[in-house]
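Worksheet for the structure shown next.
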Number of protein chains: 4
Amino acid sequence: MRRPWSIGDPIAAFRTVRDRTEALAGPLGPEDRVDQSRPDASPATWQRAHPTWFFEEFLLAGSGCGSGYEPVDPSYRYLFNSYYEAVGDRQPRAARGLITRPTVDEVAAYRAAVDERVVALLAEGPGAGDGLRSTLELGLHHEEQHQELLLMDAAHLLAQHPARPAYDPAGPHPAPSPGGGDWLDHDGGTLTIGHDGAGFAFDNESPRHEVLLRPFRLRDRVVTCGEWLGFIEDGGYERADLWLSDGWAAVRDLGWTSPAYWRIVDGTWQVATLAGERPVRDDEPVAHVSYYEAEAFARWAGGRLPTEAEWEAVAASHWSVDAATADATQFEGAVWQWTSSAYLPYPGFRPAPGAVGESNGKFMVNQQVLRGGGCATPPGHSRPTYRNFFPAGARWAFSGLRLAADL
Amino acid sequence: MRRPWSIGDPIAAFRTVRDRTEALAGPLGPEDRVDQSRPDASPATWQRAHPTWFFEEFLLAGSGCGSGYEPVDPSYRYLFNSYYEAVGDRQPRAARGLITRPTVDEVAAYRAAVDERVVALLAEGPGAGDGLRSTLELGLHHEEQHQELLLMDAAHLLAQHPARPAYDPAGPHPAPSPGGGDWLDHDGGTLTIGHDGAGFAFDNESPRHEVLLRPFRLRDRVVTCGEWLGFIEDGGYERADLWLSDGWAAVRDLGWTSPAYWRIVDGTWQVATLAGERPVRDDEPVAHVSYYEAEAFARWAGGRLPTEAEWEAVAASHWSVDAATADATQFEGAVWQWTSSAYLPYPGFRPAPGAVGESNGKFMVNQQVLRGGGCATPPGHSRPTYRNFFPAGARWAFSGLRLAADL
Amino acid sequence: MRRPWSIGDPIAAFRTVRDRTEALAGPLGPEDRVDQSRPDASPATWQRAHPTWFFEEFLLAGSGCGSGYEPVDPSYRYLFNSYYEAVGDRQPRAARGLITRPTVDEVAAYRAAVDERVVALLAEGPGAGDGLRSTLELGLHHEEQHQELLLMDAAHLLAQHPARPAYDPAGPHPAPSPGGGDWLDHDGGTLTIGHDGAGFAFDNESPRHEVLLRPFRLRDRVVTCGEWLGFIEDGGYERADLWLSDGWAAVRDLGWTSPAYWRIVDGTWQVATLAGERPVRDDEPVAHVSYYEAEAFARWAGGRLPTEAEWEAVAASHWSVDAATADATQFEGAVWQWTSSAYLPYPGFRPAPGAVGESNGKFMVNQQVLRGGGCATPPGHSRPTYRNFFPAGARWAFSGLRLAADL
Amino acid sequence: MRRPWSIGDPIAAFRTVRDRTEALAGPLGPEDRVDQSRPDASPATWQRAHPTWFFEEFLLAGSGCGSGYEPVDPSYRYLFNSYYEAVGDRQPRAARGLITRPTVDEVAAYRAAVDERVVALLAEGPGAGDGLRSTLELGLHHEEQHQELLLMDAAHLLAQHPARPAYDPAGPHPAPSPGGGDWLDHDGGTLTIGHDGAGFAFDNESPRHEVLLRPFRLRDRVVTCGEWLGFIEDGGYERADLWLSDGWAAVRDLGWTSPAYWRIVDGTWQVATLAGERPVRDDEPVAHVSYYEAEAFARWAGGRLPTEAEWEAVAASHWSVDAATADATQFEGAVWQWTSSAYLPYPGFRPAPGAVGESNGKFMVNQQVLRGGGCATPPGHSRPTYRNFFPAGARWAFSGLRLAADL
């Protein structure tokens with residue numbers, strides 16, 4: 001999908017992204033906006049305030065207005081810093097749900113005040129320099145990440161409610177696959193992956209570097225709920241031999257018998273979606289599965305998960321083809337796809353200097369890479385080189401999988 | 001203090017209590033009303049809805065309208081049942097904070113709908129019978145309990161916020177003691193305690209029965225913050241010999257160095273109150289101390305905690321004297337006072353039959369009795385025979401102490 | 001049963017008790033002696049070494065040999081102090097199982113060295129004074145407590161093994177009841193309970209004081225396994241209405257469906273005993289039940305648990321009657337019997353001064369009193385005024401119950 | 001180092017390995033042999049019995065004696081199966097410390113009985129077939145792994161004791177480095193790594209495959225304690241910017257201020273070793289550091305950890321050079337060396353069929369690869385292609401690091 005803004009028009013870009021956040025928070029009442037339903041979830045209030053603080057800290061105070069910057073509210077630096085150690089102490093992550101003040105309206109005022117300052121700064125024009133623009137661009141992509149998190153955390157919160165209410169009757173859900181289930185073959189060889197520097201990318205997508213691949217193939221679509229039901233019916237959640245040891249421990253300890261947000265109601269599998277609970281559809285991509293489940297499914301299906309390099313090698317040429325064409329392959333826009341690659345630095349990786357560099361590199365352990373993009377990902381936010389990452393047991397993202405196999 | 005309603009006018013009584021709940025919730029924004037800041041806390045939304053469900057379950061469905069009763073919303077029976085096993089499954093206590101729906105407005109509508117039905121039922125007049133009136137009376141006292149819990153849980157929630165915001169600048173706080181610190185002597189002997197049946201009482205205050213007391217005395221006022229500062233300065237939180245073993249474990253494991261909600265800001269002890277954070281005042285009753293702390297303080301002070309029978313024996317004659325008189329003794333209205341008595345059934349105790357009987361008896365283990373009443377207790381709600389109870393480590397109530405000694 | 005030693009012959013008394021500990025540890029191999037199967041259990045090595053340290057600390061160093069005392073091994077003061085804060089730091093309770101050194105043989109040498117010193121001190125004769133004798137007496141009763149704990153912790157450890165091996169094929173087990181199941185009526189009134197000062201007692205049995213009792217009765221025998229099977233078969237572990245709230249939580253969270261150490265093997269209830277696993281016998285006292293279970297059983301049976309005063313009032317006249325007589329009532333020697341009394345200080349209670357006084361008073365919260373004595377209790381160790389105590393959820397003691405009822 | 005046995009003489013090989021296990025267990029008393037000091041540790045008793053069971057299950061019952069095999073003790077299949085789901089239920093890992101029976105002597109008898117059967121089977125000669133020999137070889141390498149674990153778990157257990165006693169005054173410890181601290185440069189390029197099939201290797205070392213490396217270099221020795229002290233003195237454990245996010249959380253939550261088993265005694269850093277506690281020596285390799293610490297140290301030192309491919313590329317040509325020569329590089333024999341590679345399958349990896357194949361593949365997530373070998377590794381057990389693996393927070397192995405850098 002096309003990104004609805006361009007950094008070439010910074011003020012318009014800023015307004016587009018900022019307005020979208022508010023639009024996404026719209027369907028949530030104030031009651032929905034403070035609750036934290038997992039230790040690693042963030043309330044919608046926080047998802048609105050934190051990117052705002054990011055602009056204050058890194059654009060207004062950091063690169064734009066200098067050391068004399070007067071914050072809109074000094075207490076917000078503590079409340080809405082996420083994990084930037086260099087910035088100072090902050091509200092513990094698991095206690096974000098205790099921030100009932102500022103209120104929804106006060107956060108709106110905070111956003112408006114920062115917006116005004118940023119627009120004023122941007123209006124000063126080219127004198128602000130390249131540093132300003134690159135920080136702005138980073139901040140916009142960062143806010144888009146939180147837009148997606150806002151939806152995923154809302155989905156999680158509402159799925160914990162016994163009635164599984166809807167976020168919005170028109171809320172997004174992974175679209176049925178247009179692909180025919182064919183294999184896309186690749187000859188392997190020495191290829192180059194990573195971001196080439198044209199347009200924005202996060203630091204973890206660099207440096208671009210060569211990799212060596214053996215011949216392989218990928219399916220032209222992601223795994224569907226219908227295929228997953230086959231896995232369930234074949235005892236997939238009951239056969240230890242299909243699972244990694246940590247995965248099998250999760251199955252037993254957490255009682256997994258299906259993807260997250262699924263349950264049987266009156267004999268039928270139902271799934272809690274942002275649009276409310278409704279029957280599982282065979283032709284839809286499966287979502288809310290952990291790496292453990294994805295990996296076990298692939299073994300059951302006689303395949304394997306792709307490495308992130310394999311995925312990128314194929315995705316590069318299939319990205320963003322309109323779903324109406326015969327070539328649609330669902331690399332983008334349905335679900336994030338678990339890869340067999342651990343989240344590690346690319347050869348020669350160097351994080352950005354300063355506090356801003358804390359955003360990706362320091363999480364490079366104990367996580368697996370996902371590629372693609374999901375139904376909750378902002379339009380145009382992802383790209384073929386984009387590296388998403390979650391712990392192997394996480395199920396709250398719109399996370400699915402695509403099968404690979406050796407040739 | 002006098003109770004502002006009488007069961008003799010049931011409709012007025014009902015409206016008075018119900019309106020007071022809404023008035024108390026008033027200063028809390030919707031953001032404050034869903035958060036659960038301890039596993040055993042309840043959000044304000046729940047504190048408004050649960051007593052409403054109580055009237056539906058026990059007054060409308062139970063004793064008033066028969067088995068054909070159509071609930072306002074069938075899902076509320078699951079969401080707002082507290083612990084009545086006989087009524088059926090319910091939202092787990094530690095997950096009450098996940099109930100973001102019904103919204104604040106929907107709860108208001110729920111309350112209004114039930115109010116309308118109850119008033120209509122009561123308006124039918126004497127035909128409804130004694131059962132109806134006693135259930136109504138029980139429901140009103142029950143709702144008053146949740147009024148107090150609403151304030152105490154709000155105080156806890158706001159004290160977790162780094163800024164320790166106010167619930168209401170005019171929020172209640174334990175009033176300074178009018179007592180002179182003198183001892184009130186008692187000869188002991190065979191006395192009768194427990195409720196005598198005149199007016200309302202909970203089942204755990206019965207049966208009235210004889211107890212044998214040795215001569216003793218009680219202080220005419222509760223322990224003050226000034227006295228507590230003396231305990232702190234004398235190393236009270238650092239001397240194992242003052243503490244019960246479980247208490248000392250709590251001191252070390254939880255890092256207690258003062259009552260809850262106290263902290264040192266710029267060298268001064270501050271306390272978070274419902275009216276916001278402000279300096280600790282020497283002449284105010286100490287609150288938010290656990291049984292462990294109260295018991296250790298008493299040992300440090302060379303005294304002991306009273307038994308509940310001792311407390312009642314003295315309180316009976318000093319209750320509800322206006323604070324302006326010389327005789328004011330703070331038995332009522334400042335803080336709940338830990339006693340050395342475990343919460344156990346009185347001899348011959350029988351819980352009320354049916355689900356309603358689950359309310360007191362089933363908690364009679366692992367708790368200590370508190371007597372008196374606190375600044376958050378509804379006017380006239382308590383009485384000399386009232387038995388409150390909390391686990392020995394709880395500090396979120398307005399809990400203090402009064403010293404006793406042998407004669 | 002008669003105590004096999006008298007303080008009138010201190011050296012013989014000392015040797016009798018000390019030898020018995022070694023005899024009890026005998027059936028345990030070195031492998032069995034270091035393991036800690038619960039955070040609050042102690043390995044047999046520790047049970048042998050700790051009372052030895054007690055004699056060193058309080059008899060040799062404390063009252064006998066003065067401040068120049070040279071300990072057998074200075075490191076043992078840290079390793080084998082239980083909870084005496086006044087003595088200094090110690091091995092954390094939950095880490096006693098990590099003490100693999102000193103070895104079994106080294107502990108034997110430690111015991112022998114201390115024995116030699118104690119006997120030498122005692123041989124000095126009357127010059128040593130009354131303080132010495134009372135400390136010795138306390139130390140012997142203290143070691144007897146650890147004899148019982150050694151057996152109960154061994155029983156627990158071996159019951160965790162999948163094969164449930166025997167401690168000793170002749171190991172003790174609660175003997176079948178000689179009583180006929182009749183009621184022993186009591187008129188109540190003002191009675192005196194607590195220790196009268198004749199012979200040894202722990203501090204928590206004093207002061208002797210008056211209590212007021214209403215007419216009541218107790219069964220002449222403890223509850224049997226046959227009666228307990230009736231409770232199980234009637235759904236006792238499945239009916240929330242029978243249970244205290246904390247008890248019901250334990251049933252669900254811990255999956256209780258029977259007393260501890262029971263399991264069904266090939267369709268038959270088996271119980272793990274110190275003599276190995278064998279079928280449950282109807283006529284034997286039920287053991288290894290928690291307070292929660294005892295309390296629920298009593299409710300199911302239409303009775304209640306006795307208070308400790310009621311128990312003592314009846315037991316005083318039935319104690320230690322030989323089991324062969326018609327009057328045997330099993331107050332002593334089968335199982336410890338849960339009472340409805342919380343473990344609290346008697347009126348006027350004062351713990352012994354100094355470190356030795358830490359032994360009972362500081363546990364007076366969050367526990368229930370048990371009376372009587374069990375099959376693992378040393379002969380003559382208990383008495384009608386003896387107050388044992390455990391948390392309400394504990395099941396590893398030989399703990400059963402006796403029914404009471406109002407008259 | 002040379003392996004002291006050859007599969008070419010299977011009976012001698014079997015006896016050599018089996019005898020070595022018993023020799024290693026020798027210095028441990030029975031008291032030391034049952035204790036489990038971490039949930040993922042195994043007592044020495046278990047480390048002796050489990051490889052014995054392995055021979056029974058996979059050699060005697062599995063490939064040698066057929067389905068009619070009568071086990072030495074049927075209960076051992078439950079007690080001493082580690083994690084083979086295909087074999088059936090087993091003692092929970094965290095409860096291995098509860099296995100006080102069989103005793104030390106009974107385990108010796110178990111070992112002897114199985115040894116006798118295995119030797120008899122092997123003595124039947126070539127008729128037993130290749131399957132037998134390869135299972136035997138696997139079993140011997142497997143037992144060697146448990147020899148190392150026995151030492152590492154003993155080191156952990158004894159380090160938990162306040163006196164930090166010695167396993168054996170002559171116990172192994174990482175030897176000081178002969179290297180001069182120079183860099184070993186490598187041009188990178190397309191190389192082949194993984195096992196080439198000559199001699200034994202575990203399945204996770206295959207398939208041999210090509211990798212693409214950029215120019216890099218490795219230090220000729222591992223990091224020393226002297227270098228680590230520099231890290232400590234420079235505030236290495238206090239600077240969040242040096243650490244991965246999960247690593248920093250470990251530092252704070254677990255209070256790390258040095259490698260495990262280090263503590264300051266009388267102002268001097270001491271380390272608990274298998275030979276007892278002694279001063280940290282500057283020239284010795286640092287051991288007992290987690291991946292988090294190794295990674296932070298490398299960042300502090302201006303380098304990075306090598307990938308496992310880089311490590312293998314250089315190690316292949318430096319392996320097993322005698323420490324007395326100028327070329328000694330400590331790739332083998334001092335400490336296991338953390339790499340920056342997550343433990344994942346090689347391209348085309350297929351686990352061995354059947355239960356035996358559960359040994360490596362199912363752990364391929366949430367772990368980091370270590371290469372080399374440590375002072376507790378059996379002689380000749382490791383090789384340049386050997387892939388060891390631990391969770392990033394583990395510190396109980398003899399785990400250190402070697403620095404790498406880009407060229």
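Identifiers in the structure tokens: chain A, B, ... in order shown; residue index from 1 per chain; ligand index from 1 in order shown.
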Counting only C-alpha atoms, collect the residues of chain A whose closest atom lies at most 7 Å from chain B, and write them out as an mmCIF file with N, CA and C atoms, in the first residue's frame.
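Contents of iface-v1.cif, freshly written:
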```
data_model
loop_
_atom_site.group_PDB
_atom_site.id
_atom_site.type_symbol
_atom_site.label_atom_id
_atom_site.label_comp_id
_atom_site.auth_asym_id
_atom_site.auth_seq_id
_atom_site.Cartn_x
_atom_site.Cartn_y
_atom_site.Cartn_z
ATOM 1 N N PRO A 30 -12.821 6.506 27.116
ATOM 2 C CA PRO A 30 -11.788 6.778 28.126
ATOM 3 C C PRO A 30 -11.526 5.554 29.003
ATOM 4 N N GLU A 31 -12.569 4.759 29.251
ATOM 5 C CA GLU A 31 -12.398 3.563 30.081
ATOM 6 C C GLU A 31 -11.433 2.570 29.423
ATOM 7 N N ASP A 32 -11.508 2.484 28.081
ATOM 8 C CA ASP A 32 -10.643 1.545 27.362
ATOM 9 C C ASP A 32 -9.205 2.047 27.281
ATOM 10 N N VAL A 34 -7.064 3.499 29.479
ATOM 11 C CA VAL A 34 -6.065 3.453 30.547
ATOM 12 C C VAL A 34 -5.665 2.033 30.923
ATOM 13 N N ASP A 35 -6.471 1.067 30.531
ATOM 14 C CA ASP A 35 -6.211 -0.296 30.995
ATOM 15 C C ASP A 35 -5.002 -0.918 30.311
ATOM 16 N N SER A 37 -3.548 -4.628 29.760
ATOM 17 C CA SER A 37 -4.003 -6.008 29.914
ATOM 18 C C SER A 37 -2.879 -7.045 29.882
ATOM 19 N N LEU A 98 -1.272 2.362 35.451
ATOM 20 C CA LEU A 98 -1.633 3.162 36.627
ATOM 21 C C LEU A 98 -1.705 4.649 36.313
ATOM 22 N N ILE A 99 -1.379 5.006 35.069
ATOM 23 C CA ILE A 99 -1.377 6.433 34.707
ATOM 24 C C ILE A 99 -2.786 6.853 34.299
ATOM 25 N N THR A 100 -3.609 7.147 35.294
ATOM 26 C CA THR A 100 -4.967 7.607 34.965
ATOM 27 C C THR A 100 -4.994 9.119 34.752
ATOM 28 N N THR A 103 -5.612 12.914 31.916
ATOM 29 C CA THR A 103 -6.827 12.327 31.373
ATOM 30 C C THR A 103 -6.763 12.304 29.845
ATOM 31 N N GLN A 160 -9.830 -9.954 26.353
ATOM 32 C CA GLN A 160 -9.852 -10.458 27.729
ATOM 33 C C GLN A 160 -11.231 -10.299 28.367
ATOM 34 N N HIS A 161 -12.049 -9.452 27.775
ATOM 35 C CA HIS A 161 -13.391 -9.226 28.319
ATOM 36 C C HIS A 161 -14.260 -10.444 27.994
#
```
Enumerate the residues of segment 53-144 of chain A with a DSSP assignment of helix (DSSP H, G or I), computed from the backbone, and present them as a ChimeraX atom specification. /A:53-64,76-80,85-87,93-98,104-123,125-144
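Every residue of segment 314-364 of chain D found in strand (DSSP E or B) when DSSP is run on the backbone appears here: Trp336, Gln337, Trp338, Thr339, Ser340, Ser341 and Ala342 of chain D.
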Same residues, C-alpha atoms, saved as a PDB file, in the first residue's frame:
```pdb
ATOM      1  CA  TRP D 336      33.343 -22.001  26.449  1.00  0.00           C
ATOM      2  CA  GLN D 337      33.140 -18.843  24.397  1.00  0.00           C
ATOM      3  CA  TRP D 338      29.879 -17.020  23.797  1.00  0.00           C
ATOM      4  CA  THR D 339      29.210 -16.192  20.146  1.00  0.00           C
ATOM      5  CA  SER D 340      26.780 -13.649  18.761  1.00  0.00           C
ATOM      6  CA  SER D 341      24.933 -16.463  16.973  1.00  0.00           C
ATOM      7  CA  ALA D 342      21.587 -17.683  18.156  1.00  0.00           C
TER       8      ALA D 342
END
```
Check the smallest atom-to-atom distance from each of B:Ser177, B:Thr385, B:Thr307, B:Ser399 to Pro259 of chain B using only C-alpha atoms, then report the winner. B:Ser399
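Near Val87 of chain C, within 12 Å and counting only C-alpha atoms, sit Ala240 and Asp241 of chain B; Trp53, Phe54, Glu57, Phe58, Ala61, Gly62, Arg77, Tyr78, Leu79, Phe80, Asn81, Gly354, Ala355, Val356, Gly357 and Glu358 of chain C; same-chain residues fewer than 6 positions away were not included.
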For Val280 of chain A, find every residue with an atom within 12 Å (counting only C-alpha atoms), except residues of its own chain fewer than 4 positions away, and show them as a compact mmCIF listing (two decimals) with N, CA and C atoms, in the first residue's frame.
```txt
# COMPACT_ATOMS: atom_id res chain seq x y z
N HIS A 173 -9.10 -6.63 9.87
CA HIS A 173 -8.87 -8.04 10.10
C HIS A 173 -8.11 -8.58 8.90
N PRO A 174 -7.25 -9.58 9.08
CA PRO A 174 -6.47 -10.08 7.94
C PRO A 174 -7.38 -10.51 6.79
N PRO A 176 -8.73 -12.33 3.37
CA PRO A 176 -8.54 -13.65 2.75
C PRO A 176 -7.49 -13.57 1.65
N THR A 224 -3.56 -20.33 6.08
CA THR A 224 -4.95 -19.93 6.35
C THR A 224 -5.50 -20.61 7.60
N CYS A 225 -6.60 -20.06 8.05
CA CYS A 225 -7.30 -20.66 9.19
C CYS A 225 -7.78 -22.07 8.86
N GLY A 226 -8.15 -22.28 7.63
CA GLY A 226 -8.58 -23.62 7.23
C GLY A 226 -7.45 -24.62 7.39
N GLU A 227 -6.25 -24.22 6.95
CA GLU A 227 -5.10 -25.10 7.14
C GLU A 227 -4.82 -25.31 8.63
N TRP A 228 -5.00 -24.24 9.40
CA TRP A 228 -4.72 -24.36 10.84
C TRP A 228 -5.71 -25.30 11.52
N LEU A 229 -6.97 -25.25 11.07
CA LEU A 229 -7.95 -26.20 11.63
C LEU A 229 -7.53 -27.63 11.36
N SER A 258 -5.36 -23.66 20.54
CA SER A 258 -5.71 -22.96 19.30
C SER A 258 -4.96 -21.64 19.30
N PRO A 259 -5.01 -20.88 18.19
CA PRO A 259 -4.44 -19.53 18.24
C PRO A 259 -5.11 -18.70 19.34
N TYR A 261 -7.22 -15.80 21.03
CA TYR A 261 -8.48 -15.13 20.69
C TYR A 261 -9.48 -16.07 20.03
N TRP A 262 -9.12 -17.33 19.87
CA TRP A 262 -10.08 -18.32 19.38
C TRP A 262 -10.76 -18.98 20.58
N ARG A 263 -12.02 -19.32 20.43
CA ARG A 263 -12.68 -20.19 21.39
C ARG A 263 -13.87 -20.86 20.70
N ILE A 264 -14.29 -21.95 21.26
CA ILE A 264 -15.44 -22.64 20.70
C ILE A 264 -16.70 -22.14 21.40
N VAL A 265 -17.64 -21.64 20.65
CA VAL A 265 -18.93 -21.20 21.18
C VAL A 265 -20.00 -22.01 20.47
N GLY A 267 -20.15 -25.00 19.78
CA GLY A 267 -19.62 -25.98 18.83
C GLY A 267 -18.87 -25.41 17.65
N THR A 268 -18.76 -24.09 17.58
CA THR A 268 -18.09 -23.47 16.43
C THR A 268 -16.90 -22.64 16.89
N TRP A 269 -15.81 -22.73 16.15
CA TRP A 269 -14.66 -21.89 16.46
C TRP A 269 -14.98 -20.43 16.15
N GLN A 270 -14.79 -19.59 17.13
CA GLN A 270 -14.98 -18.16 16.98
C GLN A 270 -13.65 -17.46 17.22
N VAL A 271 -13.48 -16.31 16.61
CA VAL A 271 -12.28 -15.54 16.83
C VAL A 271 -12.65 -14.10 17.22
N ALA A 272 -11.99 -13.60 18.27
CA ALA A 272 -12.20 -12.21 18.67
C ALA A 272 -11.37 -11.31 17.76
N THR A 273 -12.04 -10.41 17.07
CA THR A 273 -11.35 -9.49 16.18
C THR A 273 -11.61 -8.06 16.64
N GLY A 276 -15.12 -7.33 16.59
CA GLY A 276 -15.98 -8.17 17.43
C GLY A 276 -15.73 -9.64 17.17
N GLU A 284 -9.26 -17.20 5.54
CA GLU A 284 -8.53 -16.07 6.10
C GLU A 284 -7.17 -16.51 6.62
N PRO A 285 -6.21 -15.61 6.59
CA PRO A 285 -4.91 -15.93 7.18
C PRO A 285 -5.05 -16.19 8.68
N VAL A 286 -4.33 -17.15 9.16
CA VAL A 286 -4.32 -17.37 10.60
C VAL A 286 -3.46 -16.27 11.22
N ALA A 287 -3.90 -15.78 12.37
CA ALA A 287 -3.18 -14.72 13.08
C ALA A 287 -3.13 -15.08 14.56
```
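Using only C-alpha atoms, the nearest neighbour of Pro378 of chain C within the list C:Leu150, C:Val222, C:Ala405, C:Leu213 is C:Leu150.
Minimum atom-to-atom distances from C:Ala154, C:Val335, C:Met364, C:Ala392 to Ala44 of chain C were compared using only C-alpha atoms, and the lowest value belongs to C:Ala154.
The gap separating atom CA of Val314 of chain C from atom CA of Leu212 of chain C is 13.9 Å, in Å to one decimal.
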Neighbouring residues of Leu242 of chain D were defined as those with any atom within 9 Å, considering only C-alpha atoms; residues of the same chain fewer than 5 positions away were excluded. Please report them as an MDAnalysis selection string. chainID D and resid 236:237 248 295:300
Spatial neighbours of His209 of chain D, max dist 7 Å, only C-alpha atoms, sep filter under 4 positions, as a PyMOL selection string: chain D and resi 192-194
Just the selected residues (N, CA and C atoms), exported as an mmCIF file, in the first residue's frame, please.
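Output saved as again-v4.cif:
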```cif
data_model
loop_
_atom_site.group_PDB
_atom_site.id
_atom_site.type_symbol
_atom_site.label_atom_id
_atom_site.label_comp_id
_atom_site.auth_asym_id
_atom_site.auth_seq_id
_atom_site.Cartn_x
_atom_site.Cartn_y
_atom_site.Cartn_z
ATOM 1 N N THR D 192 33.344 -23.037 4.184
ATOM 2 C CA THR D 192 32.471 -24.146 4.537
ATOM 3 C C THR D 192 32.625 -24.436 6.031
ATOM 4 N N ILE D 193 31.520 -24.514 6.716
ATOM 5 C CA ILE D 193 31.564 -24.860 8.138
ATOM 6 C C ILE D 193 30.624 -26.033 8.398
ATOM 7 N N GLY D 194 30.754 -26.580 9.584
ATOM 8 C CA GLY D 194 29.963 -27.744 9.951
ATOM 9 C C GLY D 194 30.813 -28.992 9.838
#
```
